[in-house]
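Structure file input.json with JSON, C-alpha atoms:
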[["chain", "number", "residue", "atom", "x", "y", "z"],
["A", 251, "MET", "CA", -14.44, 18.25, 4.47],
["A", 252, "GLU", "CA", -10.95, 19.37, 5.49],
["A", 253, "GLY", "CA", -8.11, 19.52, 3.01],
["A", 254, "VAL", "CA", -5.09, 17.30, 3.56],
["A", 255, "GLY", "CA", -2.81, 20.21, 4.48],
["A", 256, "THR", "CA", -5.31, 21.48, 7.03],
["A", 257, "LEU", "CA", -5.72, 18.02, 8.54],
["A", 258, "ILE", "CA", -1.97, 17.49, 8.91],
["A", 259, "ALA", "CA", -1.51, 20.98, 10.34],
["A", 260, "ARG", "CA", -4.32, 20.44, 12.85],
["A", 261, "THR", "CA", -3.51, 16.87, 13.90],
["A", 262, "GLY", "CA", 0.11, 16.40, 12.82],
["A", 263, "PHE", "CA", -0.97, 12.99, 11.51],
["A", 264, "MET", "CA", -1.58, 11.45, 8.07],
["A", 265, "GLU", "CA", -2.49, 7.78, 7.75],
["A", 266, "LEU", "CA", -0.99, 5.95, 4.79],
["A", 267, "ARG", "CA", -4.48, 4.86, 3.67],
["A", 268, "PHE", "CA", -5.66, 8.48, 3.32],
["A", 269, "HIS", "CA", -2.54, 10.12, 1.88],
["A", 270, "PRO", "CA", -3.47, 11.89, -1.38],
["A", 271, "LEU", "CA", -0.42, 10.47, -3.18],
["A", 272, "MET", "CA", -1.62, 6.92, -2.45],
["A", 273, "SER", "CA", -3.27, 7.02, -5.85],
["A", 274, "TYR", "CA", -2.90, 6.42, -9.56],
["A", 275, "ARG", "CA", -4.63, 8.62, -12.13],
["A", 276, "ASN", "CA", -6.79, 10.19, -9.40],
["A", 277, "MET", "CA", -7.98, 6.79, -8.13],
["A", 278, "ALA", "CA", -7.04, 5.65, -4.62],
["A", 279, "ASN", "CA", -4.75, 2.62, -4.65],
["A", 280, "TRP", "CA", -5.50, 1.62, -1.05],
["A", 281, "PRO", "CA", -6.79, -0.83, -0.03],
["A", 282, "PRO", "CA", -5.19, -3.07, -2.63],
["A", 283, "ALA", "CA", -7.03, -5.66, -4.72],
["A", 284, "TRP", "CA", -5.56, -9.10, -4.01],
["A", 285, "ILE", "CA", -5.15, -12.07, -6.34],
["A", 286, "ALA", "CA", -4.55, -15.55, -4.90],
["A", 287, "ARG", "CA", -1.22, -17.19, -5.66],
["A", 288, "GLY", "CA", -1.08, -20.91, -6.29],
["A", 289, "ARG", "CA", -3.93, -23.36, -6.62],
["A", 290, "ASP", "CA", -6.77, -20.84, -6.08],
["A", 291, "SER", "CA", -5.29, -18.31, -8.47],
["A", 292, "ASN", "CA", -8.72, -17.15, -9.67],
["A", 293, "GLN", "CA", -9.78, -15.95, -6.21],
["A", 294, "GLU", "CA", -9.76, -12.17, -5.70],
["A", 295, "LEU", "CA", -10.11, -10.27, -2.44],
["A", 296, "ARG", "CA", -10.26, -6.58, -1.67],
["A", 297, "GLY", "CA", -9.48, -4.80, 1.53],
["A", 298, "GLU", "CA", -6.97, -4.53, 4.31],
["A", 299, "ILE", "CA", -6.45, -8.26, 4.71],
["A", 300, "GLY", "CA", -3.52, -10.43, 5.65],
["A", 301, "VAL", "CA", 0.00, -10.09, 6.99],
["A", 302, "LEU", "CA", 2.73, -8.54, 4.84],
["A", 303, "LYS", "CA", 5.34, -11.10, 3.77],
["A", 304, "GLU", "CA", 7.16, -9.37, 0.92],
["A", 305, "VAL", "CA", 7.44, -6.09, -1.00],
["A", 306, "ILE", "CA", 8.82, -6.23, -4.53],
["A", 307, "PRO", "CA", 9.77, -3.16, -6.60],
["A", 308, "SER", "CA", 9.03, -3.11, -10.30],
["A", 309, "ILE", "CA", 12.20, -3.58, -12.33],
["A", 310, "LEU", "CA", 10.45, -2.81, -15.60],
["A", 311, "PRO", "CA", 9.29, 0.67, -16.63],
["A", 312, "PRO", "CA", 7.34, 2.34, -15.32],
["A", 313, "THR", "CA", 8.99, 2.06, -11.93],
["A", 314, "THR", "CA", 5.95, 3.59, -10.26],
["A", 315, "ARG", "CA", 4.58, 0.29, -9.03],
["A", 316, "ILE", "CA", 5.31, -2.08, -6.20],
["A", 317, "PHE", "CA", 4.03, -5.57, -5.55],
["A", 318, "LEU", "CA", 2.88, -6.79, -2.15],
["A", 319, "VAL", "CA", 2.62, -10.39, -0.97],
["A", 320, "VAL", "CA", 0.48, -11.24, 2.05],
["A", 321, "GLU", "CA", -0.55, -14.35, 3.87],
["A", 322, "HIS", "CA", -4.27, -14.62, 4.63],
["A", 323, "GLY", "CA", -6.42, -17.57, 5.64],
["A", 324, "GLY", "CA", -3.67, -20.08, 4.94],
["A", 325, "GLY", "CA", -3.00, -18.79, 1.42],
["A", 326, "GLU", "CA", -0.83, -16.21, -0.27],
["A", 327, "TYR", "CA", -2.17, -13.21, -2.16],
["A", 328, "MET", "CA", -0.44, -10.62, -4.31],
["A", 329, "ALA", "CA", -1.37, -7.03, -5.13],
["A", 330, "CYS", "CA", 0.13, -4.25, -7.21],
["A", 331, "LEU", "CA", 0.15, -0.65, -6.01],
["A", 332, "LEU", "CA", 0.38, 1.87, -8.86],
["A", 333, "PHE", "CA", 1.50, 5.47, -8.27],
["A", 334, "ASP", "CA", 1.76, 8.66, -10.32],
["A", 335, "ASP", "CA", 4.70, 9.97, -8.28],
["A", 336, "PRO", "CA", 7.92, 7.90, -8.61],
["A", 337, "SER", "CA", 9.53, 9.51, -5.56],
["A", 338, "PHE", "CA", 6.51, 8.79, -3.36],
["A", 339, "CYS", "CA", 6.39, 5.21, -4.70],
["A", 340, "GLY", "CA", 10.01, 4.73, -3.62],
["A", 341, "GLY", "CA", 9.26, 6.17, -0.21],
["A", 342, "ILE", "CA", 6.30, 3.85, 0.32],
["A", 343, "PHE", "CA", 8.44, 0.91, -0.80],
["A", 344, "ARG", "CA", 11.01, 1.77, 1.89],
["A", 345, "VAL", "CA", 8.30, 2.18, 4.55],
["A", 346, "LEU", "CA", 6.71, -1.15, 3.66],
["A", 347, "GLN", "CA", 10.06, -2.95, 3.78],
["A", 348, "THR", "CA", 10.29, -2.13, 7.48],
["A", 349, "HIS", "CA", 6.88, -3.63, 8.22],
["A", 350, "TYR", "CA", 7.18, -7.29, 7.22],
["A", 351, "GLY", "CA", 4.97, -9.30, 9.58],
["A", 352, "ALA", "CA", 2.54, -6.42, 10.17],
["A", 353, "THR", "CA", -1.10, -6.63, 9.19],
["A", 354, "ILE", "CA", -2.17, -4.66, 6.15],
["A", 355, "ARG", "CA", -4.75, -2.92, 8.36],
["A", 356, "ASP", "CA", -1.98, -1.74, 10.72],
["A", 357, "ILE", "CA", 0.11, -0.62, 7.74],
["A", 358, "GLY", "CA", -2.85, 1.42, 6.47],
["A", 359, "SER", "CA", -2.93, 3.17, 9.85],
["A", 360, "LEU", "CA", 0.74, 4.18, 9.77],
["A", 361, "ASP", "CA", 1.44, 7.87, 10.23],
["A", 362, "ILE", "CA", 3.48, 8.81, 7.17],
["A", 363, "SER", "CA", 3.19, 12.59, 7.55],
["A", 364, "GLY", "CA", 6.89, 12.91, 8.35],
["A", 365, "ALA", "CA", 8.20, 9.63, 6.94],
["A", 366, "LEU", "CA", 8.55, 10.59, 3.27]]
Could you rewrite the structure in this file as C-alpha cells?
Amino acid sequence: MEGVGTLIARTGFMELRFHPLMSYRNMANWPPAWIARGRDSNQELRGEIGVLKEVIPSILPPTTRIFLVVEHGGGEYMACLLFDDPSFCGGIFRVLQTHYGATIRDIGSLDISGAL
C-alpha cells in the first residue's frame, strides 16, 4: 500500500475521506456517525449520508471538534468530527462552510491536497 506522500506526489490528489489527519487518536473520523435530531433522537446512522445544512465549531475546549448537521430522508442528523490537530480542524471547518447543500459523499470526495 502506498504512503500518503507517495500517493499525493503521484496523483496530485488527496480526498478528504482518506486524508491521514481526518482522525482522532489514530482512528478515522470519516465517515461520521450520525444521531437523529428531534422526535427520532435515538436513531443512529453511519456513512456518507445526507446533504450538509450546517457546520458548527466547538466553542468549548478542546476546540478540535466540529459539528455537522445534515438532512437525510426527511429528517435532520448531527455528527461530531474530532481531530488531534487544531489547525487541520480549522481548515476542514472552513472547507465545509463553503459546501452547504452538497452531499456528504461529494464532500468526502473533495480534493484537499492543496486546500489546507
Task: Exercise: Leu332 in chain A partners within 8 Å, only C-alpha atoms, chain neighbours under 4 positions left out, as an MDAnalysis selection string - done: chainID A and resid 273:274 279 314:316
Task: Distance of CA of Ser308 in chain A from CA of Ser363 in chain A, expressed in Å to one decimal place - done: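 Pair CA of Ser363 in chain A / CA of Ser308 in chain A returns 24.5 Å.
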Task: Selection near Leu346 in chain A, 12 Å with only C-alpha atoms, sequence-local residues under 5 positions removed, as number ranges by chain - done: A: 266, 301-307, 316-320, 331, 339-341, 351-354, 356-358, 360, 362, 365-366
Task: One-decimal distance in Å that lies between CA of Ala329 in chain A and CA of Leu271 in chain A - done: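 Between CA of Leu271 in chain A and CA of Ala329 in chain A the gap works out to 17.6 Å.
Between CA of His322 in chain A and CA of Ile299 in chain A lies a distance of 6.7 Å.
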